[in-house]
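What's in input_36.cif: mmCIF, C-alpha atoms
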```cif
data_input
#
loop_
_atom_site.label_atom_id
_atom_site.label_comp_id
_atom_site.auth_asym_id
_atom_site.auth_seq_id
_atom_site.Cartn_x
_atom_site.Cartn_y
_atom_site.Cartn_z
CA MET A 1 -35.75 43.25 -51.89
CA PRO A 2 -36.76 43.45 -48.33
CA LYS A 3 -34.29 41.94 -45.97
CA ILE A 4 -35.32 38.84 -44.13
CA LYS A 5 -35.63 39.80 -40.58
CA LEU A 6 -34.33 37.23 -38.19
CA PRO A 7 -36.41 37.01 -35.10
CA ALA A 8 -34.53 38.42 -32.16
CA LYS A 9 -33.53 35.51 -29.96
CA SER A 10 -33.17 35.71 -26.27
CA PRO A 11 -29.49 35.45 -25.29
CA ARG A 12 -30.39 33.08 -22.52
CA ILE A 13 -29.43 29.42 -22.83
CA ASP A 14 -31.54 26.79 -21.24
CA MET A 15 -29.46 25.41 -18.39
CA THR A 16 -31.79 22.58 -17.47
CA PRO A 17 -29.98 19.76 -19.33
CA MET A 18 -26.69 20.94 -17.89
CA VAL A 19 -28.14 20.87 -14.41
CA ASP A 20 -29.47 17.38 -15.06
CA LEU A 21 -26.09 16.17 -16.17
CA PHE A 22 -24.35 17.75 -13.20
CA SER A 23 -26.82 16.22 -10.79
CA VAL A 24 -26.13 12.78 -12.18
CA LEU A 25 -22.38 13.30 -11.89
CA LEU A 26 -22.68 14.72 -8.42
CA ILE A 27 -24.78 11.83 -7.18
CA PHE A 28 -22.29 9.40 -8.71
CA PHE A 29 -19.35 11.01 -6.95
CA VAL A 30 -21.12 11.31 -3.63
CA LEU A 31 -22.05 7.64 -3.68
CA THR A 32 -18.67 6.33 -4.79
CA ALA A 33 -16.63 8.63 -2.62
CA THR A 34 -14.30 6.99 -0.18
CA VAL A 35 -12.43 9.73 1.50
CA ARG A 36 -8.71 9.56 1.09
CA PRO A 37 -7.22 9.01 4.53
CA GLN A 38 -4.95 11.73 5.75
CA GLU A 39 -1.34 10.94 6.32
CA ALA A 40 0.98 12.60 8.75
CA ALA A 41 3.87 12.05 6.37
CA PRO A 42 3.81 11.79 2.59
CA VAL A 43 4.67 8.28 1.51
CA ASP A 44 5.31 7.09 -2.04
CA VAL A 45 4.46 3.43 -1.91
CA PRO A 46 6.26 1.04 -4.23
CA PHE A 47 4.47 -0.75 -7.06
CA SER A 48 3.49 -4.38 -7.24
CA VAL A 49 1.27 -6.65 -9.30
CA SER A 50 -0.90 -7.62 -6.34
CA GLU A 51 -4.60 -6.96 -6.81
CA LYS A 52 -5.83 -7.48 -3.28
CA HIS A 53 -7.51 -4.53 -1.62
CA VAL A 54 -6.56 -3.14 1.72
CA PRO A 55 -9.16 -4.20 4.29
CA ASP A 56 -11.21 -1.36 5.76
CA ALA A 57 -11.09 -2.43 9.37
CA ASN A 58 -9.09 -4.63 11.70
CA ILE A 59 -5.75 -3.43 10.51
CA MET A 60 -2.85 -1.68 12.11
CA THR A 61 -0.43 0.09 9.84
CA VAL A 62 3.20 0.86 10.50
CA ILE A 63 4.21 3.71 8.24
CA LEU A 64 7.83 4.30 7.32
CA SER A 65 8.54 7.69 5.88
CA LYS A 66 11.36 8.77 3.62
CA ASP A 67 13.31 10.37 6.48
CA ASN A 68 13.24 7.05 8.38
CA ARG A 69 10.61 8.05 10.90
CA VAL A 70 8.05 5.53 12.06
CA TYR A 71 4.35 6.33 12.24
CA PHE A 72 1.48 4.18 13.39
CA ASN A 73 -2.20 4.00 12.56
CA VAL A 74 -5.04 1.85 13.78
CA ASP A 75 -7.75 1.09 11.24
CA ASN A 76 -8.22 3.45 8.36
CA GLY A 77 -9.18 6.91 9.41
CA PRO A 78 -11.84 7.60 12.03
CA ASP A 79 -12.68 5.28 14.85
CA THR A 80 -15.11 2.46 14.26
CA ILE A 81 -18.09 1.69 16.42
CA LEU A 82 -16.04 -0.57 18.65
CA GLN A 83 -13.81 2.35 19.65
CA TYR A 84 -10.54 0.50 19.49
CA ARG A 85 -8.51 3.67 19.28
CA GLN A 86 -9.72 4.96 22.65
CA HIS A 87 -9.06 1.65 24.34
CA ILE A 88 -5.62 1.34 22.82
CA LEU A 89 -4.55 4.79 23.97
CA ASN A 90 -5.95 4.10 27.43
CA GLU A 91 -3.96 0.89 27.61
CA MET A 92 -0.82 2.70 26.48
CA GLY A 93 -1.42 5.32 29.17
CA VAL A 94 -1.67 2.64 31.83
CA ARG A 95 1.62 1.10 30.73
CA TYR A 96 3.52 4.37 30.67
CA GLY A 97 1.87 5.86 33.77
CA ILE A 98 0.13 8.65 31.90
CA GLU A 99 -3.49 9.27 32.64
CA PHE A 100 -5.59 10.43 29.71
CA THR A 101 -8.87 12.22 30.31
CA PRO A 102 -12.01 11.07 28.49
CA GLN A 103 -11.82 14.22 26.35
CA GLU A 104 -8.30 13.37 25.30
CA LEU A 105 -9.28 9.82 24.48
CA ARG A 106 -12.15 11.07 22.37
CA LYS A 107 -9.90 13.55 20.64
CA PHE A 108 -7.49 10.74 19.85
CA ALA A 109 -10.31 8.70 18.35
CA ASP A 110 -11.37 11.63 16.21
CA ILE A 111 -7.96 12.25 14.70
CA ASN A 112 -8.40 10.26 11.55
CA CYS A 113 -4.81 10.20 10.62
CA SER A 114 -1.64 8.36 11.38
CA PHE A 115 0.55 9.60 14.20
CA GLY A 116 4.22 9.50 14.99
CA VAL A 117 4.41 10.86 18.50
CA PRO A 118 6.37 9.56 21.48
CA ILE A 119 3.87 8.72 24.19
CA GLN A 120 5.39 11.34 26.48
CA GLU A 121 4.37 14.04 24.01
CA MET A 122 0.91 12.60 23.39
CA LYS A 123 -0.87 15.05 25.69
CA ASN A 124 0.62 18.07 23.91
CA PHE A 125 -0.14 16.44 20.58
CA LEU A 126 -3.78 16.04 21.52
CA LYS A 127 -3.99 19.67 22.62
CA ALA A 128 -3.04 20.87 19.16
CA ARG A 129 -6.00 21.93 17.08
CA ASN A 130 -4.88 21.24 13.55
CA MET A 131 -2.26 19.47 11.54
CA ARG A 132 0.15 22.36 11.47
CA GLU A 133 0.15 22.66 15.25
CA ARG A 134 0.63 18.91 15.59
CA GLU A 135 3.61 18.78 13.31
CA PRO A 136 6.39 19.70 15.78
CA TYR A 137 5.45 16.72 17.96
CA GLU A 138 5.61 14.22 15.12
CA THR A 139 9.16 13.12 15.66
CA GLY A 140 8.39 9.48 14.95
CA ILE A 141 7.64 6.64 17.33
CA PRO A 142 10.81 5.47 19.12
CA ILE A 143 11.83 1.96 18.12
CA ASP A 144 15.24 1.52 19.74
CA SER A 145 15.64 -1.32 22.18
CA THR A 146 15.79 0.87 25.31
CA ASP A 147 12.50 2.58 24.63
CA ASN A 148 10.57 0.48 22.16
CA GLN A 149 7.21 2.22 22.01
CA LEU A 150 6.26 0.75 18.65
CA ALA A 151 6.39 -2.73 20.17
CA MET A 152 4.13 -1.50 22.96
CA TRP A 153 1.65 0.01 20.50
CA ILE A 154 1.54 -3.28 18.63
CA LEU A 155 1.09 -5.22 21.84
CA CYS A 156 -1.74 -2.97 23.05
CA THR A 157 -3.46 -3.03 19.68
CA ARG A 158 -3.41 -6.79 19.57
CA GLN A 159 -4.64 -6.99 23.12
CA VAL A 160 -7.61 -4.73 22.42
CA ASN A 161 -8.38 -6.25 19.03
CA PRO A 162 -7.01 -9.79 18.60
CA ALA A 163 -8.20 -9.99 14.98
CA VAL A 164 -5.98 -7.15 13.85
CA GLN A 165 -3.75 -7.62 10.81
CA ALA A 166 -0.39 -5.97 10.42
CA CYS A 167 0.24 -3.74 7.41
CA ILE A 168 3.46 -2.05 6.50
CA LYS A 169 3.34 1.06 4.38
CA GLY A 170 6.77 2.20 3.48
CA ASP A 171 8.20 4.77 1.20
CA ALA A 172 10.13 3.16 -1.65
CA ASP A 173 13.23 5.08 -0.56
CA THR A 174 13.19 4.02 3.07
CA GLU A 175 16.49 2.47 4.01
CA PHE A 176 16.39 -1.21 4.58
CA PRO A 177 17.83 -1.54 8.11
CA ILE A 178 14.84 0.31 9.54
CA VAL A 179 12.45 -1.98 7.68
CA ARG A 180 14.34 -4.97 9.06
CA GLU A 181 14.02 -3.54 12.57
CA VAL A 182 10.28 -3.06 12.23
CA LEU A 183 9.91 -6.59 10.87
CA ASP A 184 11.93 -7.84 13.84
CA ILE A 185 9.72 -5.99 16.29
CA LEU A 186 6.61 -7.45 14.69
CA GLN A 187 8.10 -10.94 14.71
CA ASP A 188 9.05 -10.58 18.35
CA LYS A 189 5.38 -10.04 19.01
CA ASN A 190 4.60 -13.20 17.04
CA VAL A 191 3.24 -11.44 13.98
CA ASN A 192 4.54 -13.45 11.05
CA ARG A 193 2.05 -12.47 8.38
CA PHE A 194 2.47 -9.01 6.95
CA ASN A 195 0.66 -7.05 4.34
CA LEU A 196 2.82 -4.67 2.41
CA ILE A 197 0.82 -1.78 1.07
CA THR A 198 1.60 -1.08 -2.57
CA SER A 199 -0.07 0.41 -5.58
CA LEU A 200 -0.99 -1.53 -8.65
CA GLU A 201 1.24 -1.89 -11.66
CA VAL A 202 0.31 -4.24 -14.46
CA ILE A 203 3.04 -6.42 -15.88
CA GLU A 204 2.59 -9.05 -18.55
CA VAL A 205 5.07 -11.86 -18.41
CA THR A 206 5.43 -14.36 -21.17
CA GLU A 207 7.96 -17.07 -21.50
CA GLU A 208 8.60 -16.60 -25.22
CA LYS A 209 11.67 -14.50 -24.72
CA ASN A 210 13.92 -17.16 -23.31
CA GLU A 211 12.90 -19.97 -25.58
CA MET B 1 -42.58 21.81 -18.13
CA ALA B 2 -43.66 24.46 -15.74
CA GLU B 3 -46.05 26.62 -17.62
CA ILE B 4 -48.52 28.84 -16.02
CA ALA B 5 -51.86 28.52 -17.70
CA SER B 6 -52.98 31.90 -18.89
CA GLU B 7 -55.93 33.05 -16.93
CA GLU B 8 -59.30 33.62 -18.47
CA PRO B 9 -59.85 37.25 -19.36
CA GLN B 10 -61.69 38.66 -16.46
CA LYS B 11 -64.75 40.75 -16.66
CA GLY B 12 -64.62 44.31 -15.68
CA GLY B 13 -61.73 46.66 -15.81
CA LYS B 14 -59.63 44.79 -13.30
CA LYS B 15 -55.94 44.96 -13.91
CA GLN B 16 -54.25 41.71 -14.69
CA PRO B 17 -51.34 40.81 -12.42
CA LYS B 18 -48.04 41.08 -14.21
CA LYS B 19 -46.88 37.76 -15.62
CA LEU B 20 -43.69 36.44 -14.09
CA PRO B 21 -41.28 34.67 -16.38
CA ALA B 22 -41.59 30.92 -16.06
CA HIS B 23 -37.84 30.45 -16.37
CA VAL B 24 -35.74 30.23 -13.27
CA ASP B 25 -32.18 31.32 -13.59
CA MET B 26 -30.15 28.14 -13.20
CA THR B 27 -26.68 29.67 -13.32
CA PRO B 28 -26.01 29.85 -9.57
CA MET B 29 -27.14 26.26 -9.21
CA VAL B 30 -24.78 25.20 -11.97
CA ASP B 31 -21.96 27.05 -10.24
CA LEU B 32 -22.66 25.35 -6.97
CA MET B 33 -22.78 21.94 -8.59
CA CYS B 34 -19.53 22.56 -10.38
CA ILE B 35 -17.86 23.32 -7.09
CA LEU B 36 -19.31 20.24 -5.40
CA ILE B 37 -18.32 17.95 -8.26
CA THR B 38 -14.79 19.31 -8.25
CA PHE B 39 -14.58 18.79 -4.51
CA PHE B 40 -15.73 15.19 -4.65
CA MET B 41 -13.55 14.39 -7.63
CA LEU B 42 -10.47 15.63 -5.84
CA THR B 43 -11.13 13.94 -2.52
CA THR B 44 -12.16 10.59 -3.93
CA ALA B 45 -9.48 7.95 -3.74
CA PHE B 46 -9.87 6.17 -7.04
CA ASN B 47 -7.11 3.66 -6.95
CA LYS B 48 -7.41 2.17 -3.55
CA PRO B 49 -4.06 0.95 -2.32
CA LYS B 50 -3.39 -2.75 -2.71
CA ILE B 51 -1.74 -5.16 -0.35
CA MET B 52 0.85 -7.79 -0.92
CA GLU B 53 0.90 -10.57 1.58
CA ILE B 54 4.13 -12.01 2.88
CA VAL B 55 4.57 -14.67 5.51
CA LEU B 56 7.91 -14.97 7.19
CA PRO B 57 9.02 -18.10 9.03
CA GLU B 58 8.72 -17.91 12.76
CA LYS B 59 11.75 -16.59 14.53
CA ILE B 60 13.88 -19.09 16.34
CA ARG B 61 14.43 -17.76 19.79
CA LYS B 62 17.81 -18.12 21.44
CA ASN B 63 16.64 -20.26 24.34
CA GLU B 64 14.78 -22.68 22.11
CA ASN B 65 16.81 -25.54 20.78
CA ILE B 66 15.40 -25.94 17.32
CA GLU B 67 17.56 -26.57 14.31
CA PRO B 68 16.67 -24.39 11.35
CA PRO B 69 15.25 -26.46 8.49
CA LYS B 70 17.77 -27.84 6.02
CA ILE B 71 17.36 -27.21 2.33
CA ALA B 72 18.98 -28.75 -0.72
CA LYS B 73 22.07 -26.87 -1.83
CA SER B 74 21.45 -27.60 -5.48
CA ARG B 75 18.08 -25.89 -5.44
CA THR B 76 19.14 -22.88 -3.44
CA LEU B 77 19.29 -19.53 -5.15
CA ASN B 78 20.54 -16.58 -3.11
CA ILE B 79 19.46 -13.10 -4.04
CA ILE B 80 21.15 -10.18 -2.36
CA LEU B 81 19.63 -6.74 -2.67
CA GLY B 82 22.41 -4.27 -3.17
CA PRO B 83 22.67 -0.48 -3.20
CA ASP B 84 21.45 1.63 -6.15
CA ASP B 85 18.75 -0.85 -7.26
CA LYS B 86 21.31 -3.54 -8.00
CA VAL B 87 20.74 -7.21 -7.36
CA PHE B 88 23.41 -9.82 -6.80
CA TRP B 89 22.75 -13.50 -7.02
CA TYR B 90 24.56 -16.78 -6.71
CA PRO B 91 23.42 -20.39 -6.57
CA GLY B 92 24.31 -22.76 -3.77
CA ILE B 93 25.79 -21.70 -0.49
CA ALA B 94 28.62 -19.48 0.67
CA ASP B 95 30.37 -21.34 3.47
CA ASP B 96 34.00 -21.40 2.41
CA PRO B 97 35.78 -18.07 3.00
CA ASP B 98 38.72 -19.09 0.83
CA ASN B 99 36.61 -19.95 -2.13
CA PRO B 100 33.66 -17.55 -2.25
CA PRO B 101 30.99 -18.10 -4.89
CA PRO B 102 31.13 -15.60 -7.75
CA LEU B 103 28.43 -12.99 -7.43
CA ARG B 104 26.53 -12.07 -10.55
CA GLU B 105 25.11 -8.62 -10.84
CA THR B 106 21.80 -7.80 -12.44
CA ASP B 107 18.86 -5.41 -11.99
CA PHE B 108 15.09 -5.26 -11.70
CA SER B 109 14.36 -4.82 -15.40
CA ALA B 110 12.43 -7.45 -17.36
CA ASP B 111 15.69 -8.95 -18.63
CA GLY B 112 17.34 -8.88 -15.26
CA ILE B 113 16.52 -10.98 -12.26
CA ARG B 114 13.23 -12.07 -13.81
CA GLN B 115 14.98 -14.10 -16.51
CA VAL B 116 17.20 -15.72 -13.89
CA LEU B 117 14.16 -16.76 -11.91
CA LEU B 118 12.07 -17.84 -14.89
CA GLU B 119 14.88 -19.96 -16.24
CA ARG B 120 15.07 -21.92 -13.02
CA ASN B 121 11.37 -22.05 -12.38
CA ARG B 122 10.26 -22.86 -15.91
CA ALA B 123 8.46 -26.10 -15.11
CA LEU B 124 6.24 -24.59 -12.46
CA PHE B 125 5.74 -21.35 -14.36
CA ARG B 126 4.50 -23.34 -17.37
CA LYS B 127 2.19 -25.41 -15.23
CA VAL B 128 0.63 -22.36 -13.63
CA SER B 129 0.21 -20.41 -16.85
CA GLN B 130 -1.19 -23.50 -18.60
CA PHE B 131 -3.65 -23.86 -15.75
CA ASN B 132 -4.66 -20.20 -16.01
CA GLU B 133 -5.15 -20.53 -19.77
CA ASP B 134 -7.28 -23.63 -19.32
CA VAL B 135 -9.44 -21.86 -16.80
CA ILE B 136 -9.95 -18.90 -19.11
CA SER B 137 -10.69 -21.03 -22.18
CA GLY B 138 -13.03 -23.22 -20.15
CA LYS B 139 -11.13 -26.49 -20.40
CA ILE B 140 -11.02 -26.72 -16.65
CA ASP B 141 -14.28 -25.88 -15.02
CA ILE B 142 -13.80 -24.81 -11.43
CA PRO B 143 -15.37 -22.02 -9.43
CA ARG B 144 -13.46 -18.76 -9.42
CA ASP B 145 -12.84 -18.86 -5.70
CA SER B 146 -10.87 -22.05 -5.86
CA VAL B 147 -8.54 -20.99 -8.67
CA GLN B 148 -6.15 -19.49 -6.16
CA ASN B 149 -6.29 -22.61 -4.00
CA ALA B 150 -5.55 -24.79 -7.00
CA ILE B 151 -2.51 -22.68 -7.87
CA THR B 152 -1.31 -22.88 -4.28
CA GLN B 153 -1.68 -26.64 -4.50
CA LEU B 154 0.36 -26.70 -7.72
CA LYS B 155 3.07 -24.69 -5.99
CA ARG B 156 3.08 -26.99 -3.00
CA GLU B 157 3.51 -30.09 -5.15
CA ASP B 158 6.39 -28.61 -7.08
CA ASP B 159 9.79 -30.08 -6.23
CA THR B 160 12.05 -28.83 -8.99
CA GLY B 161 11.86 -25.05 -8.70
CA PRO B 162 14.43 -23.03 -6.82
CA ILE B 163 14.33 -22.24 -3.14
CA VAL B 164 15.03 -18.55 -3.10
CA LEU B 165 16.69 -16.92 -0.14
CA ILE B 166 16.28 -13.18 -0.22
CA LYS B 167 18.88 -11.19 1.65
CA ALA B 168 19.40 -7.49 1.90
CA TYR B 169 22.62 -5.56 2.10
CA LYS B 170 22.41 -2.67 4.54
CA LYS B 171 22.26 -0.03 1.80
CA ALA B 172 19.26 -1.56 0.06
CA LYS B 173 15.97 0.31 -0.11
CA TYR B 174 12.52 -0.81 0.96
CA GLY B 175 11.36 -0.46 -2.65
CA ASN B 176 13.83 -3.17 -3.70
CA PHE B 177 12.43 -5.50 -1.08
CA VAL B 178 8.92 -5.05 -2.43
CA ASP B 179 10.19 -5.41 -6.00
CA ILE B 180 11.88 -8.72 -5.33
CA ILE B 181 8.86 -10.19 -3.55
CA ASP B 182 6.82 -8.95 -6.47
CA GLU B 183 9.14 -10.80 -8.84
CA MET B 184 8.51 -13.95 -6.81
CA SER B 185 4.80 -13.73 -7.48
CA ILE B 186 5.33 -12.75 -11.13
CA CYS B 187 7.54 -15.79 -11.67
CA ASP B 188 5.33 -18.07 -9.55
CA ILE B 189 8.20 -19.05 -7.28
CA ALA B 190 6.84 -21.60 -4.84
CA ARG B 191 9.40 -21.37 -2.07
CA TYR B 192 11.08 -18.20 -0.97
CA THR B 193 11.90 -16.57 2.27
CA PHE B 194 13.72 -13.64 3.69
CA VAL B 195 16.86 -14.24 5.74
CA ASP B 196 19.69 -12.22 7.22
CA LEU B 197 22.91 -11.67 5.37
CA SER B 198 25.77 -13.72 6.82
CA TRP B 199 29.09 -12.02 7.58
CA LEU B 200 30.79 -13.88 4.75
CA GLU B 201 28.20 -12.79 2.23
CA GLU B 202 28.43 -9.24 3.44
CA GLU B 203 32.16 -9.35 2.85
CA ILE B 204 31.72 -10.75 -0.64
CA VAL B 205 29.17 -8.07 -1.51
CA GLU B 206 31.43 -5.33 -0.19
CA ASN B 207 34.38 -6.69 -2.14
CA THR B 208 32.31 -6.86 -5.31
CA ILE B 209 31.08 -3.30 -4.91
CA ASN B 210 34.58 -2.02 -4.17
CA ALA B 211 36.00 -3.90 -7.14
CA ARG B 212 33.36 -2.37 -9.41
CA ALA B 213 33.99 1.11 -8.07
CA GLY B 214 37.74 0.63 -8.51
CA ALA B 215 37.32 -0.55 -12.08
CA GLN B 216 35.17 2.42 -12.86
CA SER B 217 37.56 5.00 -11.44
CA ASN B 218 40.39 3.37 -13.37
CA GLN B 219 38.43 3.79 -16.55
CA ASN B 220 37.93 7.43 -15.84
#
```

Can the structure from this file be put into structure tokens for me?
Amino acid sequence: MPKIKLPAKSPRIDMTPMVDLFSVLLIFFVLTATVRPQEAAPVDVPFSVSEKHVPDANIMTVILSKDNRVYFNVDNGPDTILQYRQHILNEMGVRYGIEFTPQELRKFADINCSFGVPIQEMKNFLKARNMREREPYETGIPIDSTDNQLAMWILCTRQVNPAVQACIKGDADTEFPIVREVLDILQDKNVNRFNLITSLEVIEVTEEKNE
Amino acid sequence: MAEIASEEPQKGGKKQPKKLPAHVDMTPMVDLMCILITFFMLTTAFNKPKIMEIVLPEKIRKNENIEPPKIAKSRTLNIILGPDDKVFWYPGIADDPDNPPPLRETDFSADGIRQVLLERNRALFRKVSQFNEDVISGKIDIPRDSVQNAITQLKREDDTGPIVLIKAYKKAKYGNFVDIIDEMSICDIARYTFVDLSWLEEEIVENTINARAGAQSNQN
């Protein structure tokens, strides 16, 4: 019997459907992407059942890291069209007698990340080109009563943008006294409504158990 | 899709141009797309962080002569955040150093402080969950936006639930603070605020912790 000869098939696979699928996925990700904001310090936020989203603009965030340093951020990430960040830094400069050049102000606006620098070190901080070079200056914003720069940042931010809301983003392991101090500073500046940044955890509560 | 129509056989002995394959090699494109997709997947923040709102009462400044508001002793529930994720609680008020209220110790588990709160806040908790059920089943027909307002109104009208005073011992963690405020919203507590620990309470907490530690070392 003669053997049935299978026609020699080309080893090539048609990639077109795969490309189609990938294009769809790619377009989906590009459109839904919201870039994760960079953080100067890693923070593990505590969980809560709240389902409200963080607003995208008009917020100032006080960040408390695990090693009890205080960082600050205005809006999320890069500067908005109203250029609050530049104005705020300018205002801070005026109060502390430091003059910032327009380049430095622009650089500050472009850093889309929280910062924890004493104002005296701000010029060096702005000279640094990347995150690794910036790190040595990030010693945390001073909050003690003799040199309360956090209070000044809050004051300047509210002056430049009166609609700003205060957010607190703390690591779950931050010690409480420092949280209390930050709350005190905010309350001294007449901020009584805070937003604590948390991540979502779903809990079902029923009353059956205790009946 | 893209097929090149074969040309008519030409007259004469002209050579036909060599046919190019109609297939384009897609592999590099696939590679590139893979890389891009991976990049976007990793940089996308899927679970956007959430916020929990908290409003603290305005600070009473030293030069202002305003009496802090008085609250009923019988409805007061004090919660003290302790070290190592512990919670202490006592009802009423601690104002007599000779006869301090007994502190009860519990934790943040579902059977811990939540049961204490639910027990005291049962009336309001029932009302709110009944309301939520009615909204879902369609018994009450109100627009979605005003559900929250209606619940706030229910909370405002409530006059049996506890008034919770949250206090923090110096060794508490920020996570505990968020947890306890979270419990307030889970249990639909209408009235709660955050206040400083008084010296007497601090002493009681310290004594309790020391007594526990002593008991434990004795056991060992």

- Can you tell me, as a count of residues only, what residues are no more than 7 Å from region 123-140 of chain A when counting only C-alpha atoms, ignoring any on the same chain fewer than 2 positions away? 12

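CA of Ala151 (chain A) is found 11.1 Å from CA of Val191 (chain A).
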
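Minimum atom-to-atom distance to Val55 (chain B), evaluated using all atoms listed in the file, belongs to B:Arg191 out of B:Arg212, B:Arg191, B:Lys19, B:Arg144.
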
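Considering all atoms listed in the file, the residue among A:Pro102, A:Gly93, A:Pro42, A:Pro17 positioned nearest to chain B is A:Pro17.
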
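Across B:Val135, B:Val147, B:Val128, B:Ile181, the tightest approach to chain A is made by B:Ile181 when counting all atoms listed in the file.
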
Within 7 Å of chain A, which residues of chain B are there when counting only C-alpha atoms? Please give them as a JSON list (two decimals) with C-alpha atoms, keeping the file's coordinate frame.
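Listing of result-v2.json after writing:
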```json
[["chain", "number", "residue", "atom", "x", "y", "z"],
["B", 26, "MET", "CA", -30.15, 28.14, -13.20],
["B", 30, "VAL", "CA", -24.78, 25.20, -11.97],
["B", 33, "MET", "CA", -22.78, 21.94, -8.59],
["B", 37, "ILE", "CA", -18.32, 17.95, -8.26],
["B", 40, "PHE", "CA", -15.73, 15.19, -4.65],
["B", 41, "MET", "CA", -13.55, 14.39, -7.63],
["B", 43, "THR", "CA", -11.13, 13.94, -2.52],
["B", 44, "THR", "CA", -12.16, 10.59, -3.93],
["B", 45, "ALA", "CA", -9.48, 7.95, -3.74],
["B", 48, "LYS", "CA", -7.41, 2.17, -3.55],
["B", 49, "PRO", "CA", -4.06, 0.95, -2.32],
["B", 50, "LYS", "CA", -3.39, -2.75, -2.71],
["B", 51, "ILE", "CA", -1.74, -5.16, -0.35],
["B", 52, "MET", "CA", 0.85, -7.79, -0.92],
["B", 53, "GLU", "CA", 0.90, -10.57, 1.58],
["B", 54, "ILE", "CA", 4.13, -12.01, 2.88],
["B", 55, "VAL", "CA", 4.57, -14.67, 5.51],
["B", 56, "LEU", "CA", 7.91, -14.97, 7.19],
["B", 57, "PRO", "CA", 9.02, -18.10, 9.03],
["B", 58, "GLU", "CA", 8.72, -17.91, 12.76],
["B", 59, "LYS", "CA", 11.75, -16.59, 14.53],
["B", 170, "LYS", "CA", 22.41, -2.67, 4.54],
["B", 171, "LYS", "CA", 22.26, -0.03, 1.80],
["B", 172, "ALA", "CA", 19.26, -1.56, 0.06],
["B", 173, "LYS", "CA", 15.97, 0.31, -0.11],
["B", 174, "TYR", "CA", 12.52, -0.81, 0.96],
["B", 175, "GLY", "CA", 11.36, -0.46, -2.65],
["B", 178, "VAL", "CA", 8.92, -5.05, -2.43],
["B", 179, "ASP", "CA", 10.19, -5.41, -6.00],
["B", 182, "ASP", "CA", 6.82, -8.95, -6.47]]
```

Hey, could you pull the box centre and edge lengths for region 53-64 of chain A, axis-aligned, 6 Å padding per side, all listed atoms, to one decimal in Å, as AutoDock Vina command-line options?
```
--center_x -1.7 --center_y -0.2 --center_z 5.2 --size_x 31.0 --size_y 20.9 --size_z 25.7
```

- Do you know which residues are at most 7 Å from Asn58 (chain A) counting all atoms listed in the file, after dropping those on the same chain fewer than 5 positions away, and could you put them as a list in words? Asp75, Ala163, Val164 and Gln165 of chain A

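Using the PyMOL selection byres ((chain B and resi 193-195) around 8) on this structure selects Leu56, Pro57, Val164, Leu165, Ile166, Lys167, Arg191, Tyr192, Asp196 and Leu197 of chain B.
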
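Between CA of Glu157 (chain B) and CA of Lys127 (chain B) lies a distance of 11.2 Å.
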
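Atom pair CA of Ala57 (chain A) / CA of Val74 (chain A) has a distance of 8.6 Å (rounded to one decimal).
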
- Item | Protein, DNA and RNA residues within 12 Å of (16.6, -18.8, -15.1), all atoms listed in the file, as number ranges by chain | A: 207, 209-211; B: 77, 89-91, 111-123, 125, 161-162, 187, 189

- Message: Give me the residues near Lys189 (chain A) as a ChimeraX atom specification, where near means some atom within 8 Å (using all atoms listed in the file) and where sequence neighbours in that chain fewer than 3 positions away do not count.
- Response: /A:151,154-155,185-186

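Closest approach to Glu91 (chain A) from the set A:Ser145, A:Ser114, A:Gln159, A:Gln120 is made by A:Gln159, with distances taken over only C-alpha atoms.
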
Would you save region 129-146 of chain B to a file, keeping C-alpha atoms, as a CSV table (one decimal), in the first residue's frame?
```csv
chain,number,residue,atom,x,y,z
B,129,SER,CA,-29.6,48.0,58.3
B,130,GLN,CA,-33.4,47.8,58.0
B,131,PHE,CA,-33.3,51.0,56.0
B,132,ASN,CA,-30.5,49.6,53.7
B,133,GLU,CA,-32.5,46.4,53.1
B,134,ASP,CA,-35.6,48.4,52.3
B,135,VAL,CA,-33.8,50.4,49.8
B,136,ILE,CA,-32.3,47.4,48.1
B,137,SER,CA,-35.6,45.5,48.0
B,138,GLY,CA,-37.4,48.6,46.7
B,139,LYS,CA,-39.7,49.2,49.7
B,140,ILE,CA,-38.4,52.6,50.1
B,141,ASP,CA,-38.0,54.5,46.8
B,142,ILE,CA,-35.5,57.3,47.1
B,143,PRO,CA,-32.7,58.4,44.7
B,144,ARG,CA,-29.3,56.8,45.3
B,145,ASP,CA,-27.7,60.2,46.2
B,146,SER,CA,-29.9,60.8,49.1
```
